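Data from my_file15.txt: compact mmCIF, C-alpha atoms
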```txt
# COMPACT_ATOMS: atom_id res chain seq x y z
CA MET A 188 -47.45 28.20 -22.32
CA VAL A 189 -44.38 26.67 -23.88
CA THR A 190 -42.12 24.65 -21.63
CA ALA A 191 -38.49 24.44 -22.63
CA THR A 192 -36.94 21.04 -22.39
CA SER A 193 -33.25 20.32 -22.26
CA THR A 194 -31.46 17.33 -23.57
CA SER A 195 -28.07 16.10 -22.59
CA PRO A 196 -25.18 16.48 -25.06
CA GLY A 197 -24.94 12.70 -25.36
CA ARG A 198 -28.61 12.43 -26.39
CA ARG A 199 -28.30 15.28 -28.87
CA ASN A 200 -25.27 13.68 -30.48
CA HIS A 201 -26.97 10.29 -30.59
CA ALA A 202 -30.19 11.73 -32.02
CA SER A 203 -28.45 13.93 -34.56
CA ARG A 204 -26.26 11.11 -35.87
CA SER A 205 -27.74 9.96 -39.14
CA PRO A 206 -27.97 6.28 -40.10
CA TRP A 207 -26.00 7.26 -43.18
CA PHE A 208 -22.99 7.69 -40.89
CA HIS A 209 -22.90 3.91 -40.35
CA VAL A 210 -23.63 3.25 -44.01
CA VAL A 211 -20.60 5.29 -45.01
CA MET A 212 -18.29 4.00 -42.27
CA VAL A 213 -18.97 0.28 -42.72
CA PRO A 214 -17.15 0.04 -46.08
CA PHE A 215 -14.19 1.96 -44.67
CA THR A 216 -14.08 -0.39 -41.70
CA ILE A 217 -14.16 -3.45 -43.94
CA LEU A 218 -11.46 -1.93 -46.16
CA TRP A 219 -9.26 -1.34 -43.09
CA LEU A 220 -9.83 -4.82 -41.63
CA ALA A 221 -9.48 -6.73 -44.91
CA PRO A 222 -5.63 -6.85 -44.98
CA ILE A 223 -5.50 -7.90 -41.33
CA LEU A 224 -8.05 -10.65 -41.90
CA PHE A 225 -6.14 -11.80 -44.98
CA VAL A 226 -2.88 -12.09 -43.02
CA VAL A 227 -4.66 -14.00 -40.23
CA LEU A 228 -6.11 -16.50 -42.71
CA VAL A 229 -2.73 -17.00 -44.40
CA ALA A 230 -1.03 -17.52 -41.02
CA LEU A 231 -3.57 -20.20 -40.08
CA ARG A 232 -2.97 -22.26 -43.23
CA ASN A 233 -0.24 -24.83 -43.74
CA PHE A 234 2.31 -24.76 -46.54
CA ASP A 235 0.77 -27.63 -48.50
CA ASP A 236 -2.65 -25.96 -48.54
CA ILE A 237 -1.20 -22.69 -49.85
CA ALA A 238 0.92 -24.47 -52.48
CA ALA A 239 -2.00 -26.56 -53.71
CA ARG A 240 -4.87 -24.03 -53.66
CA GLY A 241 -3.16 -20.66 -53.94
CA LEU A 242 -2.62 -17.78 -51.58
CA GLY A 243 -6.06 -16.22 -51.99
CA ALA A 244 -8.13 -19.34 -51.24
CA LEU A 245 -9.97 -19.90 -47.99
CA PRO A 246 -8.22 -22.35 -45.64
CA ALA A 247 -9.30 -25.96 -45.98
CA SER A 248 -8.21 -26.53 -42.39
CA LEU A 249 -6.65 -24.46 -39.64
CA SER A 250 -3.07 -25.04 -38.58
CA LEU A 251 -0.56 -23.41 -36.23
CA ASP A 252 2.46 -24.64 -38.19
CA GLY A 253 3.20 -21.10 -39.34
CA PHE A 254 3.43 -19.78 -35.80
CA ALA A 255 5.60 -22.70 -34.71
CA GLY A 256 7.94 -22.15 -37.64
CA ALA A 257 8.19 -18.39 -37.02
CA LEU A 258 8.86 -18.72 -33.30
CA ALA A 259 11.30 -21.62 -33.51
CA ASP A 260 12.97 -21.82 -36.92
CA GLY A 261 12.57 -18.11 -37.68
CA ARG A 262 13.86 -17.12 -34.22
CA VAL A 263 11.05 -14.62 -33.80
CA GLY A 264 10.62 -15.72 -30.19
CA ARG A 265 14.18 -14.72 -29.28
CA ALA A 266 13.79 -11.50 -31.25
CA LEU A 267 10.63 -10.65 -29.29
CA VAL A 268 12.59 -10.96 -26.06
CA ASN A 269 15.29 -8.64 -27.44
CA SER A 270 12.68 -6.10 -28.55
CA ALA A 271 10.98 -6.24 -25.16
CA ILE A 272 14.29 -5.65 -23.33
CA VAL A 273 15.23 -2.71 -25.55
CA THR A 274 11.75 -1.18 -25.41
CA VAL A 275 11.33 -1.42 -21.63
CA PHE A 276 14.77 -0.03 -20.78
CA THR A 277 14.55 2.69 -23.42
CA VAL A 278 11.07 3.88 -22.45
CA VAL A 279 11.86 3.95 -18.72
CA ALA A 280 15.22 5.70 -19.19
CA SER A 281 13.89 8.18 -21.77
CA LEU A 282 10.85 9.26 -19.77
CA ALA A 283 12.81 9.44 -16.51
CA LEU A 284 15.47 11.69 -18.04
CA ALA A 285 12.92 13.72 -20.02
CA SER A 286 10.76 14.28 -16.93
CA ALA A 287 13.71 15.55 -14.90
CA ALA A 288 14.93 17.76 -17.74
CA ALA A 289 11.45 19.17 -18.43
CA TYR A 290 10.93 19.90 -14.73
CA ALA A 291 14.22 21.78 -14.49
CA LEU A 292 13.64 23.74 -17.70
CA SER A 293 10.05 24.66 -16.86
CA ARG A 294 10.31 25.51 -13.16
CA PHE A 295 13.82 26.85 -12.60
CA HIS A 296 15.74 29.78 -14.03
CA VAL A 297 18.22 27.79 -16.10
CA PRO A 298 20.49 30.00 -18.24
CA LEU A 299 19.63 29.73 -21.94
CA ARG A 300 16.88 27.25 -21.15
CA ARG A 301 14.96 28.14 -24.33
CA THR A 302 18.07 27.57 -26.41
CA ILE A 303 18.73 24.26 -24.67
CA LEU A 304 15.18 23.11 -25.38
CA LEU A 305 15.37 24.13 -29.04
CA VAL A 306 18.73 22.39 -29.49
CA MET A 307 17.32 19.20 -27.96
CA LEU A 308 14.32 19.38 -30.26
CA ALA A 309 16.43 20.19 -33.31
CA GLY A 310 18.14 16.83 -33.01
CA ASN A 311 14.88 15.15 -33.99
CA LEU A 312 14.73 17.18 -37.20
CA LEU A 313 17.92 15.65 -38.60
CA PRO A 314 17.33 12.85 -41.13
CA PRO A 315 18.56 9.62 -39.54
CA GLN A 316 20.14 8.52 -42.83
CA ILE A 317 22.96 11.07 -42.50
CA LEU A 318 23.76 9.82 -39.00
CA LEU A 319 23.99 6.09 -39.66
CA ILE A 320 27.74 5.92 -40.26
CA PRO A 321 28.71 8.31 -37.41
CA VAL A 322 26.50 6.44 -34.94
CA SER A 323 27.93 3.10 -36.04
CA ARG A 324 31.51 4.35 -35.69
CA ILE A 325 30.83 5.89 -32.26
CA THR A 326 29.40 2.63 -30.90
CA GLN A 327 32.43 0.76 -32.26
CA ASP A 328 34.85 3.21 -30.63
CA LEU A 329 32.98 2.88 -27.32
CA GLY A 330 33.18 -0.92 -27.50
CA ILE A 331 29.41 -1.44 -27.35
CA TYR A 332 28.78 -2.23 -31.02
CA ASP A 333 26.54 -5.25 -31.64
CA THR A 334 25.00 -5.11 -28.16
CA LEU A 335 21.50 -4.28 -26.96
CA THR A 336 23.09 -1.62 -24.75
CA ALA A 337 24.15 0.31 -27.85
CA LEU A 338 20.63 0.15 -29.25
CA VAL A 339 19.15 1.39 -25.96
CA ILE A 340 21.58 4.31 -25.77
CA VAL A 341 20.90 5.33 -29.37
CA GLN A 342 17.14 5.14 -28.92
CA VAL A 343 17.30 7.19 -25.71
CA GLY A 344 19.52 9.81 -27.31
CA PHE A 345 17.33 10.36 -30.35
CA GLY A 346 14.02 10.35 -28.49
CA LEU A 347 14.97 12.43 -25.46
CA GLY A 348 14.53 15.81 -27.16
CA PHE A 349 10.96 15.17 -28.26
CA TYR A 350 9.85 13.72 -24.93
CA THR A 351 11.39 16.66 -23.06
CA PHE A 352 9.66 19.14 -25.36
CA VAL A 353 6.24 17.57 -24.78
CA LEU A 354 6.64 17.27 -21.02
CA HIS A 355 8.05 20.81 -20.79
CA GLY A 356 4.89 22.23 -22.34
CA PHE A 357 2.72 20.13 -20.04
CA MET A 358 4.59 21.13 -16.89
CA ARG A 359 4.50 24.82 -17.79
CA SER A 360 0.71 24.60 -17.94
CA LEU A 361 0.48 23.39 -14.33
CA PRO A 362 -0.91 26.09 -11.98
CA GLY A 363 1.75 27.99 -10.08
CA GLU A 364 -0.38 27.87 -6.93
CA ILE A 365 0.42 24.17 -6.60
CA PHE A 366 4.13 24.84 -6.36
CA GLU A 367 3.60 27.78 -3.99
CA ALA A 368 1.53 25.57 -1.67
CA ALA A 369 4.17 22.84 -1.81
CA LEU A 370 6.87 25.39 -0.94
CA LEU A 371 4.85 26.65 2.04
CA ASP A 372 4.46 23.07 3.26
CA GLY A 373 8.21 22.66 3.26
CA SER A 374 8.41 20.43 0.21
CA GLY A 375 11.75 20.59 -1.57
CA PRO A 376 12.25 20.45 -5.36
CA ALA A 377 12.87 16.69 -5.41
CA ARG A 378 9.84 15.86 -3.28
CA THR A 379 7.64 18.25 -5.28
CA PHE A 380 8.78 16.60 -8.48
CA TRP A 381 8.16 13.06 -7.21
CA SER A 382 4.96 13.58 -5.21
CA ILE A 383 3.18 16.34 -7.16
CA VAL A 384 4.54 16.87 -10.67
CA LEU A 385 4.83 13.26 -11.80
CA PRO A 386 1.28 12.28 -10.67
CA LEU A 387 -0.13 15.34 -12.45
CA CYS A 388 1.82 14.43 -15.59
CA ARG A 389 0.34 10.93 -15.72
CA PRO A 390 -1.79 11.57 -18.87
CA ALA A 391 1.19 12.99 -20.78
CA LEU A 392 3.48 10.21 -19.56
CA ALA A 393 0.96 7.56 -20.58
CA ALA A 394 0.60 9.09 -24.03
CA LEU A 395 4.37 9.23 -24.48
CA THR A 396 4.69 5.65 -23.21
CA ALA A 397 2.31 4.44 -25.91
CA LEU A 398 4.05 6.46 -28.62
CA ALA A 399 7.57 5.55 -27.51
CA THR A 400 6.73 1.85 -27.23
CA THR A 401 5.33 1.83 -30.77
CA TRP A 402 8.29 3.73 -32.23
CA ILE A 403 11.00 1.76 -30.45
CA PHE A 404 9.43 -1.67 -30.88
CA ASN A 405 8.89 -1.09 -34.62
CA ASP A 406 12.29 0.50 -35.27
CA LEU A 407 14.48 -1.12 -37.88
CA ILE A 408 16.98 1.48 -39.05
CA TRP A 409 18.91 1.85 -35.78
CA ALA A 410 18.83 -1.89 -35.14
CA MET A 411 20.52 -2.54 -38.48
CA THR A 412 23.01 0.26 -37.76
CA VAL A 413 24.40 -0.88 -34.41
CA LEU A 414 23.68 -4.64 -34.48
CA ARG A 415 25.29 -7.36 -36.57
CA THR A 416 24.72 -10.72 -34.85
CA GLU A 417 21.39 -12.40 -35.55
CA ALA A 418 21.05 -13.40 -31.90
CA GLN A 419 20.93 -9.70 -30.95
CA PHE A 420 18.33 -8.70 -33.54
CA PRO A 421 14.98 -7.25 -32.44
CA VAL A 422 11.77 -8.49 -34.00
CA THR A 423 11.80 -6.07 -36.95
CA ALA A 424 15.24 -7.24 -38.09
CA ALA A 425 14.22 -10.86 -37.47
CA LEU A 426 11.20 -10.40 -39.74
CA LEU A 427 13.52 -9.05 -42.44
CA ASN A 428 15.62 -12.23 -42.18
CA LEU A 429 12.43 -14.29 -42.09
CA GLN A 430 11.39 -12.99 -45.49
CA GLY A 431 14.74 -14.07 -46.91
CA GLY A 432 14.89 -17.50 -45.28
CA PHE A 433 11.22 -18.43 -45.74
CA SER A 434 10.47 -16.61 -48.99
CA ASN A 435 8.05 -19.32 -50.15
CA SER A 436 6.52 -20.10 -46.75
CA TRP A 437 3.88 -17.38 -46.68
CA ASN A 438 2.20 -18.84 -43.61
CA VAL A 439 5.43 -18.50 -41.60
CA ILE A 440 5.96 -14.91 -42.73
CA ALA A 441 2.33 -13.99 -41.97
CA ALA A 442 2.49 -15.65 -38.56
CA GLY A 443 5.70 -13.82 -37.70
CA SER A 444 4.15 -10.51 -38.71
CA LEU A 445 1.14 -11.12 -36.47
CA VAL A 446 3.29 -12.11 -33.52
CA ALA A 447 5.36 -8.95 -33.96
CA ALA A 448 2.23 -6.75 -34.12
CA VAL A 449 0.56 -8.09 -30.97
CA PRO A 450 2.73 -6.37 -28.29
CA THR A 451 2.29 -2.84 -29.67
CA ALA A 452 -1.43 -3.42 -30.14
CA ILE A 453 -1.75 -4.53 -26.51
CA VAL A 454 0.15 -1.45 -25.28
CA PHE A 455 -2.06 0.87 -27.32
CA PHE A 456 -5.31 -0.63 -26.05
CA VAL A 457 -4.07 -0.66 -22.45
CA PHE A 458 -3.08 3.02 -22.61
CA GLN A 459 -5.87 4.06 -24.99
CA LYS A 460 -7.79 6.21 -22.50
CA GLN A 461 -4.68 7.93 -21.16
CA PHE A 462 -3.33 8.29 -24.69
CA VAL A 463 -6.40 10.19 -25.90
CA SER A 464 -6.54 12.35 -22.77
CA GLY A 465 -2.86 13.14 -23.13
CA LEU A 466 -3.36 14.27 -26.73
CA LEU A 467 -6.26 16.52 -25.66
CA VAL A 468 -4.34 18.23 -22.84
CA GLY A 469 -4.71 21.98 -23.17
CA SER A 470 -7.43 21.82 -25.83
CA ASN A 471 -9.99 23.37 -23.49
CA LYS A 472 -7.77 26.24 -22.35
```
As structure tokens:
Amino acid sequence: MVTATSTSPGRRNHASRSPWFHVVMVPFTILWLAPILFVVLVALRNFDDIAARGLGALPASLSLDGFAGALADGRVGRALVNSAIVTVFTVVASLALASAAAYALSRFHVPLRRTILLVMLAGNLLPPQILLIPVSRITQDLGIYDTLTALVIVQVGFGLGFYTFVLHGFMRSLPGEIFEAALLDGSGPARTFWSIVLPLCRPALAALTALATTWIFNDLIWAMTVLRTEAQFPVTAALLNLQGGFSNSWNVIAAGSLVAAVPTAIVFFVFQKQFVSGLLVGSNK
């Protein structure tokens, strides 16, 4: 008599995974980590060590002079504050407006709502290079040129269509029974949106938060379009100036690059679980 045994999916995947998987992936991992490790080693060396022994040598001693130079003399510290201000205000404003717009377009009979959604999305298909001069002139005419407010408004305007499109698809997939039950309980549109829709959209909002933070924090083209004063520059523009002012101080440039990369890495790892779940929404339907 043969007795059938069952194994859990996790055990089957673990048992079926060949050791060759790790053999193949280890070189790829090293190849991916090698540039990061190289930048870290350069950032931890002082200028005299690099000048005497070359850029590719191992550090004779560890030093934080590069980080001090980047944060103080290179003004990366001030630029980080500017980037944080722009990113926080832009992400909050963009997702708040996109959530309200997606809710209205997905749950109410708005005339030409499909056309409105396609027009909003079409704005993201335009190459930003053809819009640099018009955007710069508009901010000058409005009197907000060379301010962080201008950068926030531009970032919100060019990201709103994509965020609305993603949230619209997510909200349309929500079961209609939820809204019928809310209506029977006397919940109005505003309360339903705040108490039911937004909590259910948490995975999508978390995924968009991670994406928007990365895009906005790493943006350079719009910063150089609407900003002129160095004191208003975000970290990407500050790094560009750092390469010009410290062209021979590789430890300062490497340290500034690491400092600029840390915030987006932290956001990604914090929202990693929600980010993956948000990308997989609807895959099992």
Next on the checklist: Using only C-alpha atoms, can you tell me which of A:Thr412, A:Thr336, A:Val306, A:Leu427 comes closest to Leu318 in chain A?
Outcome noted: A:Thr412
Next on the checklist: When you count only C-alpha atoms, which of these residues is closest to Ala337 in chain A: A:Leu304, A:Leu395, A:Val273, A:Val297?
Outcome noted: A:Val273
Next on the checklist: To one decimal place in Å, what is the distance between CA of Ala283 in chain A and CA of Val384 in chain A?
Outcome noted: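 We find that CA of Ala283 in chain A and CA of Val384 in chain A lie 12.6 Å from each other.
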Checklist entry - What is the distance between CA of Phe234 in chain A and CA of Ser248 in chain A, in Å to one decimal? => result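 Taking CA of Phe234 in chain A and CA of Ser248 in chain A, their separation equals 11.4 Å.
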Checklist entry - Taking only C-alpha atoms into account, which of A:Ala369, A:Met411, A:Leu354, A:Ala280 comes nearest Ala391 in chain A? => result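 Comparing A:Ala369, A:Met411, A:Leu354, A:Ala280 against Ala391 in chain A, the winner is A:Leu354.
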Item to check | Close residues, Ser250 in chain A itself excluded, 9 Å, only C-alpha atoms, min 4 positions apart in chain, as a list of chain:residue names | outcome: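 The filter keeps A:Ala230, A:Leu231, A:Arg232, A:Asn233, A:Phe254.
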Checklist entry - What does the distance between CA of Thr423 in chain A and CA of Ile340 in chain A come to in Å, to one decimal place? => result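 The value is 18.1 Å.
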Next on the checklist: Here is a test: counting all atoms listed in the file, which residue of A:Ala368, A:Val213, A:Met358, A:Ala418 is nearest to Phe295 in chain A?
Outcome noted: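 Between A:Ala368, A:Val213, A:Met358, A:Ala418, the residue approaching Phe295 in chain A most closely is A:Met358.
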Item to check | Test item: residues at most 9 Å from Leu426 in chain A, all atoms listed in the file, excluding those fewer than 4 positions along its chain, as number ranges by chain | outcome: A: 257, 261, 263, 266, 421-422, 430-431, 440, 443-444, 447
Next on the checklist: Need to verify the contact set: Val454 in chain A, 9 Å, only C-alpha atoms, exclusion of same-chain residues closer than 3 positions in sequence. Can you return it as a list of chain:residue names?
Outcome noted: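 The residues satisfying every condition are A:Thr396, A:Ala397, A:Thr400, A:Thr401, A:Val449, A:Pro450, A:Thr451, A:Val457, A:Phe458, A:Gln459.
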Next on the checklist: Using all atoms listed in the file for the distances, tell me which of A:Ala287, A:Ile453, A:Arg262, A:Gly330 is nearest to Ala424 in chain A.
Outcome noted: A:Arg262
Checklist entry - Which residue out of A:Thr277, A:Thr351, A:Ser360, A:Ser323 has the minimum interatomic distance to Arg415 in chain A when all atoms listed in the file are used? => result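 Of A:Thr277, A:Thr351, A:Ser360, A:Ser323, the one nearest Arg415 in chain A, counting all atoms listed in the file, is A:Ser323.
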